[in-house]
Amino acid sequence: MSLLEITAGYMPLVDAAPLIVAKEMGFAEEEGLALDLMPSPSWSTLRDMLAFGQIQAAHMLSPVPVASWLGLMNGLPKLQALSVMSMNGNVIGVSPTIADALEALGHSFDFENAKAAALAVAALPRPLRVGVPFLLSMHAELVSLWLSSAGLTAGKDFQIHAVPPTIMAQAIRNGDLDLFCVGEPWGSVTVETADGALLLPGAAIWSAAPEKVLATRADWTDNHPEPASRLIRAVWRAGEWLDQTAKHTALAELLARKDYVGVASDLVDRALSGRLMINSRGEQRSCAQFLQFHKEAATFPWRSQEAWIAERLTERFTPKVPFSGQSFRSDLYRAALEPLGVAMPLSSYKVEGALGSRSHVRGQSGSLSLGANRFFDGQVFDPTS
């Protein structure tokens with residue numbers, strides 16, 4: 001059987017693993033796909049590669065497809081999220097100077113109390129320079145939500161700068177940033193090479209944030225429904241494989257390869273285990289929901305998450321067009337995976353921030369488990385209200 005060739009782009013991050021595993025472990029081939037993977041140096045380059053048809057799919061920041069439907073991409077074609085590739089996985093860190101200042105204030109770096117961390121940061125001299133990988137990112141949304149809760153105003157008290165993940169450590173080392181939010185392993189690299197300190201995991205701000213998605217151009221998906229379905233299934237199978245803890249040693253070695261993430265395997269393993277070294281003194285912290293690829297419906301493209309992202313982007317950028325709600329394709333996800341008997345939620349909407357612990361809910365066939373879904377400040381988002 002001849003294989004259908006699909007080229008997918010990715011950034012060298014641990015959460016690119018579903019695409020890498022889909023290729024390396026044969027899940028793409030089982031779906032009749034010859035998956036070619038192309039690395040990118042920055043999120044803007046990867047977005048443009050997808051938008052201009054150089055690649056057919058991409059490991060992409062979850063707000064980017066939403067932004068394309070809000071008119072925030074300078075006339076580039078509309079993009080869609082076929083599935084969520086990963087949930088959580090970011091860290092918030094600080095420069096050595098800021099770390100010293102926080103320690104002088106008595107902050108404990110406990111890795112769980114986002115409110116206390118925000119208040120401690122708010123006591124520092126301003127404005128604060130914050131690095132994120134891309135302005136249209138979950139990193140930017142989480143940082144803005146978190147700092148605003150302590151009374152800080154974007155543009156006045158903190159300024160967000162776009163810094164590619166691979167050079168975040170250099171920016172800290174050069175003294176160009178005070179804080180950063182980045183996906184692993186680049187937070188750990190900053191600790192190792194720039195004496196940075198990790199303050200919080202992204203999951204301490206929102207415990208169920210959709211971080212990366214499997215993105216395509218909307219017109220490509222419309223014109224290639226069968227290849228799109230095959231790709232959804234291949235990445236879903238990869239995610240199922242990824243959430244098996246017994247696979248993590250082999251996975252860390254695979255991702256660490258120079259042609260993928262290109263760092264020491266122990267740095268990759270920190271993200272996979274959720275046990276992170278937070279400073280150069282070797283202190284460690286753990287986060288149970290640090291990075292998830294599959295379990296607890298992590299891959300489902302919830303329309304309620306799409307709506308939350310759209311509302312946040314609208315607040316930050318005041319788009320000129322209303323959001324039409326067509327970027328997270330839960331309908332395509334359902335159609336692709338129903339033949340496999342995958343448990344699906346009854347609705348593609350839920351109240352975000354409303355689950356304090358793991359819960360079992362009714363699905364289309366039996367029940368499915370959803371993990372804790374809480375915002376640090378107790379807010380909830382009901383897309384139907």
# chains A, B, ... in the order shown; residues from 1 in each chain; ligands from 1
>>> select_by_dssp(residues="stretch 192-372 of chain A", states="helix (DSSP H, G or I)", output="ChimeraX atom specification")
/A:192-194,202-204,218-223,225-242,245-255,265-273,303-317,330-340
>>> residues_around(residues="stretch 23-37 of chain A", least_positions_apart="2", cutoff="12 Å", atoms="only C-alpha atoms", output="compact mmCIF listing (two decimals) with all heavy atoms, in the first residue's frame")
# COMPACT_ATOMS: atom_id res chain seq x y z
N MET A 1 0.84 -1.20 0.00
CA MET A 1 0.00 0.00 0.00
C MET A 1 0.87 1.24 0.00
O MET A 1 1.79 1.37 0.81
CB MET A 1 -0.91 0.01 1.24
CG MET A 1 -1.81 1.23 1.33
SD MET A 1 -2.80 1.27 2.85
CE MET A 1 -1.52 1.58 4.08
N SER A 2 0.62 2.14 -0.94
CA SER A 2 1.38 3.38 -0.98
C SER A 2 0.91 4.30 0.14
O SER A 2 -0.28 4.33 0.47
CB SER A 2 1.21 4.07 -2.33
OG SER A 2 -0.15 4.39 -2.56
N LEU A 3 1.84 5.02 0.73
CA LEU A 3 1.53 5.91 1.84
C LEU A 3 1.29 7.32 1.34
O LEU A 3 1.95 7.78 0.40
CB LEU A 3 2.67 5.90 2.85
CG LEU A 3 3.01 4.55 3.50
CD1 LEU A 3 4.20 4.71 4.43
CD2 LEU A 3 1.81 3.98 4.24
N LEU A 4 0.37 8.01 1.99
CA LEU A 4 0.08 9.40 1.67
C LEU A 4 1.06 10.29 2.42
O LEU A 4 1.18 10.21 3.65
CB LEU A 4 -1.35 9.75 2.07
CG LEU A 4 -1.79 11.20 1.88
CD1 LEU A 4 -1.79 11.57 0.40
CD2 LEU A 4 -3.16 11.42 2.48
N GLU A 5 1.78 11.12 1.71
CA GLU A 5 2.79 11.97 2.34
C GLU A 5 2.16 13.22 2.96
O GLU A 5 1.40 13.93 2.30
CB GLU A 5 3.85 12.38 1.31
CG GLU A 5 4.68 11.21 0.79
CD GLU A 5 5.79 11.66 -0.13
OE1 GLU A 5 5.98 12.88 -0.30
OE2 GLU A 5 6.48 10.79 -0.69
N ILE A 6 2.51 13.46 4.22
CA ILE A 6 2.09 14.67 4.94
C ILE A 6 3.31 15.23 5.66
O ILE A 6 4.03 14.50 6.35
CB ILE A 6 0.97 14.39 5.95
CG1 ILE A 6 -0.36 14.13 5.22
CG2 ILE A 6 0.80 15.56 6.93
CD1 ILE A 6 -1.54 13.93 6.13
N THR A 7 3.55 16.51 5.48
CA THR A 7 4.64 17.18 6.19
C THR A 7 4.05 18.01 7.32
O THR A 7 3.13 18.80 7.11
CB THR A 7 5.43 18.10 5.25
OG1 THR A 7 5.95 17.31 4.16
CG2 THR A 7 6.60 18.74 5.97
N ALA A 8 4.57 17.80 8.52
CA ALA A 8 4.10 18.53 9.70
C ALA A 8 5.28 19.26 10.35
O ALA A 8 6.38 18.70 10.46
CB ALA A 8 3.46 17.58 10.70
N GLY A 9 5.06 20.49 10.76
CA GLY A 9 6.09 21.27 11.42
C GLY A 9 5.96 21.21 12.93
O GLY A 9 4.87 20.94 13.46
N TYR A 10 7.06 21.47 13.61
CA TYR A 10 7.03 21.46 15.07
C TYR A 10 8.13 22.35 15.61
O TYR A 10 9.10 22.69 14.91
CB TYR A 10 7.22 20.03 15.61
CG TYR A 10 8.62 19.49 15.40
CD1 TYR A 10 9.57 19.58 16.41
CD2 TYR A 10 9.01 18.92 14.19
CE1 TYR A 10 10.86 19.11 16.23
CE2 TYR A 10 10.29 18.45 13.99
CZ TYR A 10 11.22 18.54 15.02
OH TYR A 10 12.50 18.10 14.83
N MET A 11 7.98 22.74 16.86
CA MET A 11 9.02 23.44 17.60
C MET A 11 9.73 22.42 18.50
O MET A 11 9.10 21.46 18.97
CB MET A 11 8.41 24.55 18.45
CG MET A 11 7.97 25.77 17.65
SD MET A 11 9.35 26.74 17.02
CE MET A 11 9.94 27.50 18.54
N PRO A 12 11.03 22.61 18.76
CA PRO A 12 11.77 21.65 19.58
C PRO A 12 11.39 21.76 21.06
O PRO A 12 12.08 22.39 21.86
CB PRO A 12 13.23 22.04 19.33
CG PRO A 12 13.19 23.48 18.96
CD PRO A 12 11.90 23.66 18.21
N ALA A 16 6.01 18.48 21.66
CA ALA A 16 5.91 18.05 20.26
C ALA A 16 5.89 16.53 20.16
O ALA A 16 5.77 15.98 19.06
CB ALA A 16 7.08 18.60 19.44
N ALA A 17 5.98 15.87 21.30
CA ALA A 17 6.10 14.40 21.34
C ALA A 17 5.02 13.65 20.56
O ALA A 17 5.33 12.64 19.92
CB ALA A 17 6.13 13.93 22.79
N PRO A 18 3.73 14.06 20.58
CA PRO A 18 2.74 13.27 19.83
C PRO A 18 3.06 13.13 18.34
O PRO A 18 2.88 12.05 17.77
CB PRO A 18 1.44 14.05 20.07
CG PRO A 18 1.63 14.69 21.41
CD PRO A 18 3.08 15.09 21.42
N LEU A 19 3.54 14.18 17.71
CA LEU A 19 3.89 14.07 16.30
C LEU A 19 5.14 13.20 16.12
O LEU A 19 5.21 12.38 15.20
CB LEU A 19 4.14 15.45 15.69
CG LEU A 19 2.91 16.23 15.20
CD1 LEU A 19 3.32 17.62 14.73
CD2 LEU A 19 2.20 15.48 14.08
N ILE A 20 6.13 13.39 16.99
CA ILE A 20 7.37 12.62 16.90
C ILE A 20 7.10 11.14 17.10
O ILE A 20 7.59 10.28 16.36
CB ILE A 20 8.39 13.16 17.91
CG1 ILE A 20 8.78 14.60 17.54
CG2 ILE A 20 9.62 12.27 17.98
CD1 ILE A 20 9.57 15.33 18.60
N VAL A 21 6.29 10.82 18.11
CA VAL A 21 5.95 9.42 18.39
C VAL A 21 5.08 8.83 17.28
O VAL A 21 5.23 7.66 16.92
CB VAL A 21 5.29 9.30 19.77
CG1 VAL A 21 4.63 7.94 19.96
CG2 VAL A 21 6.33 9.56 20.86
N PRO A 39 11.40 20.81 11.66
CA PRO A 39 11.54 21.72 12.80
C PRO A 39 11.49 23.17 12.36
O PRO A 39 11.76 23.51 11.21
CB PRO A 39 12.92 21.37 13.36
CG PRO A 39 13.68 20.87 12.17
CD PRO A 39 12.67 20.16 11.30
N SER A 40 11.15 24.03 13.31
CA SER A 40 11.08 25.47 13.04
C SER A 40 11.84 26.23 14.12
O SER A 40 11.84 25.81 15.28
CB SER A 40 9.63 25.94 13.00
OG SER A 40 9.55 27.34 12.89
N LEU A 46 6.87 29.00 12.08
CA LEU A 46 6.03 27.80 11.96
C LEU A 46 4.62 28.18 11.51
O LEU A 46 4.04 27.52 10.64
CB LEU A 46 5.99 27.08 13.30
CG LEU A 46 5.21 25.76 13.34
CD1 LEU A 46 5.72 24.78 12.29
CD2 LEU A 46 5.30 25.14 14.74
N GLN A 54 3.61 25.46 3.02
CA GLN A 54 4.86 24.71 2.97
C GLN A 54 4.75 23.39 3.72
O GLN A 54 5.49 22.45 3.44
CB GLN A 54 5.99 25.56 3.57
CG GLN A 54 6.36 26.79 2.77
CD GLN A 54 7.40 27.62 3.48
OE1 GLN A 54 7.11 28.43 4.36
NE2 GLN A 54 8.65 27.42 3.11
N ILE A 55 3.86 23.35 4.68
CA ILE A 55 3.56 22.14 5.43
C ILE A 55 2.05 21.98 5.49
O ILE A 55 1.31 22.94 5.28
CB ILE A 55 4.15 22.19 6.87
CG1 ILE A 55 3.66 23.44 7.61
CG2 ILE A 55 5.68 22.16 6.82
CD1 ILE A 55 4.14 23.54 9.04
N GLN A 56 1.58 20.77 5.77
CA GLN A 56 0.14 20.53 5.82
C GLN A 56 -0.42 20.56 7.23
O GLN A 56 -1.63 20.74 7.43
CB GLN A 56 -0.19 19.16 5.18
CG GLN A 56 -0.01 19.11 3.69
CD GLN A 56 1.45 18.97 3.29
OE1 GLN A 56 2.13 18.06 3.75
NE2 GLN A 56 1.92 19.87 2.45
N ALA A 57 0.42 20.36 8.23
CA ALA A 57 -0.04 20.34 9.62
C ALA A 57 1.07 20.86 10.52
O ALA A 57 2.24 20.93 10.10
CB ALA A 57 -0.43 18.92 10.03
N ALA A 58 0.71 21.19 11.75
CA ALA A 58 1.72 21.73 12.67
C ALA A 58 1.34 21.50 14.12
O ALA A 58 0.16 21.50 14.48
CB ALA A 58 1.93 23.23 12.42
N HIS A 59 2.35 21.33 14.93
CA HIS A 59 2.32 21.42 16.39
C HIS A 59 2.23 22.91 16.66
O HIS A 59 3.13 23.68 16.33
CB HIS A 59 3.64 20.80 16.87
CG HIS A 59 4.13 21.18 18.23
ND1 HIS A 59 5.34 21.84 18.42
CD2 HIS A 59 3.63 20.96 19.45
CE1 HIS A 59 5.56 22.00 19.70
NE2 HIS A 59 4.54 21.47 20.36
N GLU A 226 -10.23 12.90 4.49
CA GLU A 226 -9.73 11.58 4.88
C GLU A 226 -8.31 11.65 5.43
O GLU A 226 -8.03 11.06 6.50
CB GLU A 226 -9.79 10.61 3.70
CG GLU A 226 -9.32 9.19 4.02
CD GLU A 226 -10.04 8.55 5.20
OE1 GLU A 226 -11.21 8.87 5.44
OE2 GLU A 226 -9.41 7.72 5.89
N PRO A 227 -7.37 12.35 4.78
CA PRO A 227 -6.05 12.51 5.40
C PRO A 227 -6.11 13.18 6.77
O PRO A 227 -5.35 12.83 7.68
CB PRO A 227 -5.28 13.36 4.39
CG PRO A 227 -5.93 13.05 3.08
CD PRO A 227 -7.38 12.87 3.40
N ALA A 228 -7.00 14.16 6.92
CA ALA A 228 -7.15 14.82 8.22
C ALA A 228 -7.59 13.83 9.29
O ALA A 228 -7.07 13.83 10.41
CB ALA A 228 -8.14 15.98 8.12
N SER A 229 -8.53 12.96 8.96
CA SER A 229 -8.99 11.94 9.91
C SER A 229 -7.87 10.97 10.27
O SER A 229 -7.70 10.60 11.43
CB SER A 229 -10.17 11.16 9.32
OG SER A 229 -11.32 11.97 9.23
N ARG A 230 -7.10 10.58 9.28
CA ARG A 230 -5.98 9.67 9.55
C ARG A 230 -4.97 10.31 10.48
O ARG A 230 -4.42 9.67 11.38
CB ARG A 230 -5.29 9.28 8.24
CG ARG A 230 -6.13 8.46 7.28
CD ARG A 230 -5.27 8.08 6.08
NE ARG A 230 -6.06 7.56 4.98
CZ ARG A 230 -5.53 7.10 3.84
NH1 ARG A 230 -4.21 7.13 3.68
NH2 ARG A 230 -6.30 6.64 2.88
N LEU A 231 -4.71 11.59 10.26
CA LEU A 231 -3.74 12.30 11.10
C LEU A 231 -4.25 12.43 12.53
O LEU A 231 -3.48 12.25 13.49
CB LEU A 231 -3.47 13.68 10.50
CG LEU A 231 -2.32 14.49 11.09
CD1 LEU A 231 -1.01 13.72 11.01
CD2 LEU A 231 -2.20 15.83 10.38
N ILE A 232 -5.53 12.72 12.70
CA ILE A 232 -6.11 12.78 14.04
C ILE A 232 -5.93 11.45 14.76
O ILE A 232 -5.51 11.40 15.93
CB ILE A 232 -7.61 13.15 13.97
CG1 ILE A 232 -7.80 14.59 13.50
CG2 ILE A 232 -8.28 12.94 15.33
CD1 ILE A 232 -9.25 14.95 13.17
N ARG A 233 -6.22 10.35 14.06
CA ARG A 233 -6.10 9.03 14.69
C ARG A 233 -4.65 8.70 15.03
O ARG A 233 -4.36 8.15 16.11
CB ARG A 233 -6.69 7.96 13.77
CG ARG A 233 -8.22 7.98 13.70
CD ARG A 233 -8.76 6.73 13.05
NE ARG A 233 -8.42 6.67 11.63
CZ ARG A 233 -9.17 7.15 10.65
NH1 ARG A 233 -10.31 7.76 10.94
NH2 ARG A 233 -8.80 7.03 9.39
N ALA A 234 -3.71 9.02 14.14
CA ALA A 234 -2.31 8.72 14.40
C ALA A 234 -1.80 9.47 15.62
O ALA A 234 -1.09 8.90 16.47
CB ALA A 234 -1.47 9.08 13.17
N VAL A 235 -2.15 10.73 15.74
CA VAL A 235 -1.70 11.54 16.87
C VAL A 235 -2.40 11.10 18.15
O VAL A 235 -1.80 11.08 19.24
CB VAL A 235 -1.92 13.04 16.58
CG1 VAL A 235 -1.66 13.89 17.81
CG2 VAL A 235 -1.00 13.49 15.43
N TRP A 236 -3.67 10.71 18.05
CA TRP A 236 -4.39 10.20 19.22
C TRP A 236 -3.72 8.92 19.74
O TRP A 236 -3.51 8.76 20.96
CB TRP A 236 -5.85 9.91 18.87
CG TRP A 236 -6.68 9.48 20.04
CD1 TRP A 236 -7.37 10.28 20.89
CD2 TRP A 236 -6.89 8.13 20.49
NE1 TRP A 236 -8.00 9.52 21.85
CE2 TRP A 236 -7.73 8.20 21.63
CE3 TRP A 236 -6.46 6.89 20.04
CZ2 TRP A 236 -8.14 7.06 22.32
CZ3 TRP A 236 -6.87 5.75 20.74
CH2 TRP A 236 -7.69 5.85 21.86
N ARG A 237 -3.37 8.01 18.84
CA ARG A 237 -2.70 6.77 19.24
C ARG A 237 -1.35 7.07 19.89
O ARG A 237 -0.95 6.43 20.87
CB ARG A 237 -2.49 5.86 18.02
CG ARG A 237 -3.76 5.29 17.42
CD ARG A 237 -3.42 4.50 16.15
NE ARG A 237 -4.58 4.10 15.40
CZ ARG A 237 -5.28 2.98 15.61
NH1 ARG A 237 -4.93 2.17 16.57
NH2 ARG A 237 -6.32 2.69 14.85
N ALA A 238 -0.64 8.06 19.34
CA ALA A 238 0.63 8.45 19.93
C ALA A 238 0.45 8.99 21.33
O ALA A 238 1.23 8.68 22.24
CB ALA A 238 1.31 9.50 19.04
N GLY A 239 -0.59 9.80 21.55
CA GLY A 239 -0.87 10.32 22.88
C GLY A 239 -1.17 9.23 23.88
O GLY A 239 -0.73 9.28 25.03
N GLU A 240 -1.91 8.22 23.44
CA GLU A 240 -2.21 7.08 24.31
C GLU A 240 -0.92 6.38 24.73
O GLU A 240 -0.75 5.99 25.90
CB GLU A 240 -3.14 6.11 23.57
CG GLU A 240 -3.63 4.95 24.39
CD GLU A 240 -4.57 4.05 23.60
OE1 GLU A 240 -4.31 3.81 22.40
OE2 GLU A 240 -5.56 3.57 24.17
N TRP A 241 -0.01 6.21 23.80
CA TRP A 241 1.29 5.60 24.08
C TRP A 241 2.09 6.47 25.05
O TRP A 241 2.74 5.98 25.98
CB TRP A 241 2.05 5.43 22.77
CG TRP A 241 3.34 4.68 22.83
CD1 TRP A 241 3.53 3.35 22.63
CD2 TRP A 241 4.65 5.24 23.10
NE1 TRP A 241 4.87 3.04 22.75
CE2 TRP A 241 5.56 4.17 23.04
CE3 TRP A 241 5.11 6.52 23.38
CZ2 TRP A 241 6.93 4.35 23.25
CZ3 TRP A 241 6.47 6.70 23.60
CH2 TRP A 241 7.36 5.64 23.53
N LEU A 242 2.03 7.78 24.85
CA LEU A 242 2.84 8.71 25.62
C LEU A 242 2.47 8.75 27.10
O LEU A 242 3.34 8.99 27.95
CB LEU A 242 2.68 10.12 25.05
CG LEU A 242 3.48 10.43 23.79
CD1 LEU A 242 2.91 11.64 23.08
CD2 LEU A 242 4.93 10.64 24.14
N LYS A 247 6.95 4.05 29.48
CA LYS A 247 7.60 4.42 28.22
C LYS A 247 8.50 5.65 28.35
O LYS A 247 9.20 6.00 27.40
CB LYS A 247 6.54 4.73 27.16
CG LYS A 247 5.44 3.69 26.99
CD LYS A 247 5.95 2.44 26.31
CE LYS A 247 4.78 1.51 25.95
NZ LYS A 247 5.24 0.25 25.37
N ALA A 250 12.49 5.61 27.53
CA ALA A 250 12.75 5.52 26.09
C ALA A 250 12.32 6.79 25.39
O ALA A 250 12.99 7.26 24.45
CB ALA A 250 12.02 4.31 25.51
N LEU A 251 11.21 7.38 25.82
CA LEU A 251 10.72 8.60 25.21
C LEU A 251 11.69 9.76 25.42
O LEU A 251 11.96 10.53 24.50
CB LEU A 251 9.35 8.96 25.79
CG LEU A 251 8.74 10.29 25.34
CD1 LEU A 251 8.54 10.32 23.83
CD2 LEU A 251 7.43 10.54 26.07
N LEU A 254 14.47 9.44 23.06
CA LEU A 254 14.05 9.74 21.69
C LEU A 254 13.95 11.25 21.48
O LEU A 254 14.50 11.81 20.52
CB LEU A 254 12.70 9.08 21.41
CG LEU A 254 11.98 9.50 20.11
CD1 LEU A 254 12.81 9.12 18.89
CD2 LEU A 254 10.58 8.87 20.05
N LEU A 255 13.25 11.94 22.38
CA LEU A 255 13.05 13.38 22.23
C LEU A 255 14.36 14.15 22.35
O LEU A 255 14.52 15.21 21.74
CB LEU A 255 12.05 13.88 23.27
CG LEU A 255 10.63 13.35 23.18
CD1 LEU A 255 9.78 13.94 24.29
CD2 LEU A 255 10.01 13.64 21.83
N ASP A 259 18.09 15.77 16.32
CA ASP A 259 17.15 16.11 15.25
C ASP A 259 15.75 16.38 15.78
O ASP A 259 14.85 16.75 15.01
CB ASP A 259 17.10 15.03 14.18
CG ASP A 259 16.89 13.63 14.76
OD1 ASP A 259 17.17 13.43 15.95
OD2 ASP A 259 16.44 12.74 14.01
N TYR A 260 15.52 16.28 17.09
CA TYR A 260 14.22 16.64 17.68
C TYR A 260 14.38 17.80 18.67
O TYR A 260 14.42 18.95 18.27
CB TYR A 260 13.56 15.41 18.31
CG TYR A 260 13.06 14.44 17.25
CD1 TYR A 260 13.33 13.08 17.32
CD2 TYR A 260 12.34 14.90 16.14
CE1 TYR A 260 12.88 12.21 16.34
CE2 TYR A 260 11.89 14.03 15.15
CZ TYR A 260 12.17 12.70 15.25
OH TYR A 260 11.73 11.83 14.28
N ALA A 336 -13.49 11.21 13.34
CA ALA A 336 -12.28 10.42 13.12
C ALA A 336 -12.12 9.31 14.14
O ALA A 336 -11.63 8.21 13.81
CB ALA A 336 -11.06 11.34 13.16
>>> closest_residue(among="A:Ser273, A:Ser108, A:Gln170, A:Ser149", to="A:Leu198", atoms="only C-alpha atoms")
A:Ser108
>>> atom_distance(atom1="atom CA of A:Val321", atom2="atom CA of A:Asn74")
12.7 Å
>>> closest_residue(among="A:Ser42, A:Pro201, A:Ala194, A:Val361", to="A:Ala117", atoms="only C-alpha atoms")
A:Pro201
>>> closest_residue(among="A:Pro210, A:Gly356, A:Gly202, A:Gly282", to="A:Leu145", atoms="only C-alpha atoms")
A:Gly202
>>> residues_around(residues="A:Phe158", least_positions_apart="3", cutoff="7 Å", atoms="only C-alpha atoms", output="short mmCIF file (atom, residue, chain, number, x, y, z; two decimals) with C-alpha atoms, in the first residue's frame")
data_model
loop_
_atom_site.label_atom_id
_atom_site.label_comp_id
_atom_site.auth_asym_id
_atom_site.auth_seq_id
_atom_site.Cartn_x
_atom_site.Cartn_y
_atom_site.Cartn_z
CA ARG A 126 8.25 47.89 38.00
CA PRO A 127 7.87 47.65 35.08
CA LEU A 128 8.73 43.97 34.82
CA ARG A 129 9.96 42.50 31.53
CA VAL A 130 8.27 39.18 30.81
CA THR A 153 -1.53 46.35 34.51
CA ALA A 154 -0.16 45.09 31.20
CA GLY A 155 1.92 47.70 29.40
#
>>> residues_around(residues="A:Phe180", least_positions_apart="2", cutoff="8 Å", atoms="only C-alpha atoms", output="PyMOL selection string")
chain A and resi 92-94+130-132+168+177-178+182
>>> atom_distance(atom1="atom CA of A:Leu200", atom2="atom CA of A:Glu112")
6.7 Å
>>> residues_around(residues="stretch 330-335 of chain A", least_positions_apart="4", cutoff="10 Å", atoms="only C-alpha atoms", output="MDAnalysis selection string")
chainID A and resid 81:84 221 225 228:229 232:233 236 299:303 326 339:340 342:345 347:349
>>> closest_residue(among="A:Leu76, A:Ala22, A:Leu214, A:Leu61", to="A:Arg329", atoms="only C-alpha atoms")
A:Leu214
>>> atom_distance(atom1="atom CA of A:Phe290", atom2="atom CA of A:Leu199")
13.6 Å
>>> closest_residue(among="A:Ser327, A:Pro77, A:Thr216, A:Ala208", to="A:Val351", atoms="only C-alpha atoms")
A:Ala208
>>> closest_residue(among="A:Leu370, A:Ala256, A:Ala101, A:Ile167", to="A:Pro41", atoms="only C-alpha atoms")
A:Ile167
>>> select_by_dssp(residues="stretch 244-366 of chain A", states="strand (DSSP E)", output="PyMOL selection string")
chain A and resi 275-277+284-286+291-292+359-362
>>> residues_around(residues="A:Ala252", least_positions_apart="2", cutoff="10 Å", atoms="only C-alpha atoms", output="PyMOL selection string")
chain A and resi 14+17+247-250+254-257+261+263-272
>>> write_last_selection(atoms="N, CA and C atoms", output="PDB file, in the first residue's frame")
ATOM      1  N   VAL A  14       9.238  19.480  24.403  1.00  0.00           N
ATOM      2  CA  VAL A  14       8.780  18.161  24.851  1.00  0.00           C
ATOM      3  C   VAL A  14       7.364  17.893  24.375  1.00  0.00           C
ATOM      4  N   ALA A  17       5.981  15.866  21.296  1.00  0.00           N
ATOM      5  CA  ALA A  17       6.096  14.402  21.336  1.00  0.00           C
ATOM      6  C   ALA A  17       5.019  13.652  20.561  1.00  0.00           C
ATOM      7  N   LYS A 247       6.950   4.055  29.481  1.00  0.00           N
ATOM      8  CA  LYS A 247       7.597   4.419  28.217  1.00  0.00           C
ATOM      9  C   LYS A 247       8.504   5.646  28.354  1.00  0.00           C
ATOM     10  N   HIS A 248       8.507   6.299  29.495  1.00  0.00           N
ATOM     11  CA  HIS A 248       9.114   7.616  29.592  1.00  0.00           C
ATOM     12  C   HIS A 248      10.637   7.616  29.443  1.00  0.00           C
ATOM     13  N   THR A 249      11.318   6.582  29.901  1.00  0.00           N
ATOM     14  CA  THR A 249      12.773   6.553  29.741  1.00  0.00           C
ATOM     15  C   THR A 249      13.144   6.498  28.273  1.00  0.00           C
ATOM     16  N   ALA A 250      12.490   5.607  27.533  1.00  0.00           N
ATOM     17  CA  ALA A 250      12.748   5.516  26.091  1.00  0.00           C
ATOM     18  C   ALA A 250      12.320   6.791  25.388  1.00  0.00           C
ATOM     19  N   LEU A 254      14.475   9.436  23.055  1.00  0.00           N
ATOM     20  CA  LEU A 254      14.049   9.744  21.690  1.00  0.00           C
ATOM     21  C   LEU A 254      13.951  11.255  21.484  1.00  0.00           C
ATOM     22  N   LEU A 255      13.246  11.941  22.383  1.00  0.00           N
ATOM     23  CA  LEU A 255      13.051  13.376  22.227  1.00  0.00           C
ATOM     24  C   LEU A 255      14.360  14.147  22.349  1.00  0.00           C
ATOM     25  N   ALA A 256      15.289  13.616  23.144  1.00  0.00           N
ATOM     26  CA  ALA A 256      16.553  14.307  23.371  1.00  0.00           C
ATOM     27  C   ALA A 256      17.450  14.330  22.137  1.00  0.00           C
ATOM     28  N   ARG A 257      17.157  13.509  21.151  1.00  0.00           N
ATOM     29  CA  ARG A 257      18.001  13.438  19.962  1.00  0.00           C
ATOM     30  C   ARG A 257      18.171  14.806  19.314  1.00  0.00           C
ATOM     31  N   VAL A 261      14.495  17.539  19.964  1.00  0.00           N
ATOM     32  CA  VAL A 261      14.613  18.639  20.928  1.00  0.00           C
ATOM     33  C   VAL A 261      16.072  19.042  21.138  1.00  0.00           C
ATOM     34  N   VAL A 263      18.488  18.235  23.597  1.00  0.00           N
ATOM     35  CA  VAL A 263      19.032  18.532  24.926  1.00  0.00           C
ATOM     36  C   VAL A 263      19.295  17.207  25.631  1.00  0.00           C
ATOM     37  N   ALA A 264      19.907  17.262  26.803  1.00  0.00           N
ATOM     38  CA  ALA A 264      20.163  16.054  27.576  1.00  0.00           C
ATOM     39  C   ALA A 264      18.845  15.378  27.959  1.00  0.00           C
ATOM     40  N   SER A 265      18.832  14.050  27.931  1.00  0.00           N
ATOM     41  CA  SER A 265      17.588  13.314  28.180  1.00  0.00           C
ATOM     42  C   SER A 265      17.044  13.540  29.581  1.00  0.00           C
ATOM     43  N   ASP A 266      17.933  13.834  30.562  1.00  0.00           N
ATOM     44  CA  ASP A 266      17.424  14.056  31.923  1.00  0.00           C
ATOM     45  C   ASP A 266      16.603  15.328  32.015  1.00  0.00           C
ATOM     46  N   LEU A 267      16.887  16.321  31.147  1.00  0.00           N
ATOM     47  CA  LEU A 267      16.069  17.534  31.125  1.00  0.00           C
ATOM     48  C   LEU A 267      14.681  17.231  30.567  1.00  0.00           C
ATOM     49  N   VAL A 268      14.608  16.379  29.565  1.00  0.00           N
ATOM     50  CA  VAL A 268      13.317  15.965  29.021  1.00  0.00           C
ATOM     51  C   VAL A 268      12.533  15.182  30.065  1.00  0.00           C
ATOM     52  N   ASP A 269      13.218  14.321  30.780  1.00  0.00           N
ATOM     53  CA  ASP A 269      12.550  13.477  31.773  1.00  0.00           C
ATOM     54  C   ASP A 269      11.907  14.294  32.885  1.00  0.00           C
ATOM     55  N   ARG A 270      12.465  15.446  33.189  1.00  0.00           N
ATOM     56  CA  ARG A 270      11.869  16.290  34.233  1.00  0.00           C
ATOM     57  C   ARG A 270      10.436  16.678  33.851  1.00  0.00           C
ATOM     58  N   ALA A 271      10.241  17.051  32.587  1.00  0.00           N
ATOM     59  CA  ALA A 271       8.899  17.427  32.143  1.00  0.00           C
ATOM     60  C   ALA A 271       7.966  16.229  32.144  1.00  0.00           C
ATOM     61  N   LEU A 272       8.457  15.078  31.713  1.00  0.00           N
ATOM     62  CA  LEU A 272       7.616  13.881  31.635  1.00  0.00           C
ATOM     63  C   LEU A 272       7.194  13.399  33.020  1.00  0.00           C
TER      64      LEU A 272
END
>>> residues_around(residues="stretch 218-220 of chain A", least_positions_apart="6", cutoff="6 Å", atoms="only C-alpha atoms", output="list in words")
Lys78, Leu79 and Gln80 of chain A
>>> write_last_selection(atoms="N, CA and C atoms", output="compact mmCIF listing (two decimals), in the first residue's frame")
# COMPACT_ATOMS: atom_id res chain seq x y z
N LYS A 78 -7.15 31.21 7.39
CA LYS A 78 -7.70 30.69 8.64
C LYS A 78 -7.15 29.30 8.92
N LEU A 79 -6.87 29.05 10.20
CA LEU A 79 -6.34 27.76 10.65
C LEU A 79 -7.36 27.09 11.56
N GLN A 80 -7.20 25.78 11.73
CA GLN A 80 -8.10 25.02 12.59
C GLN A 80 -7.31 24.07 13.47
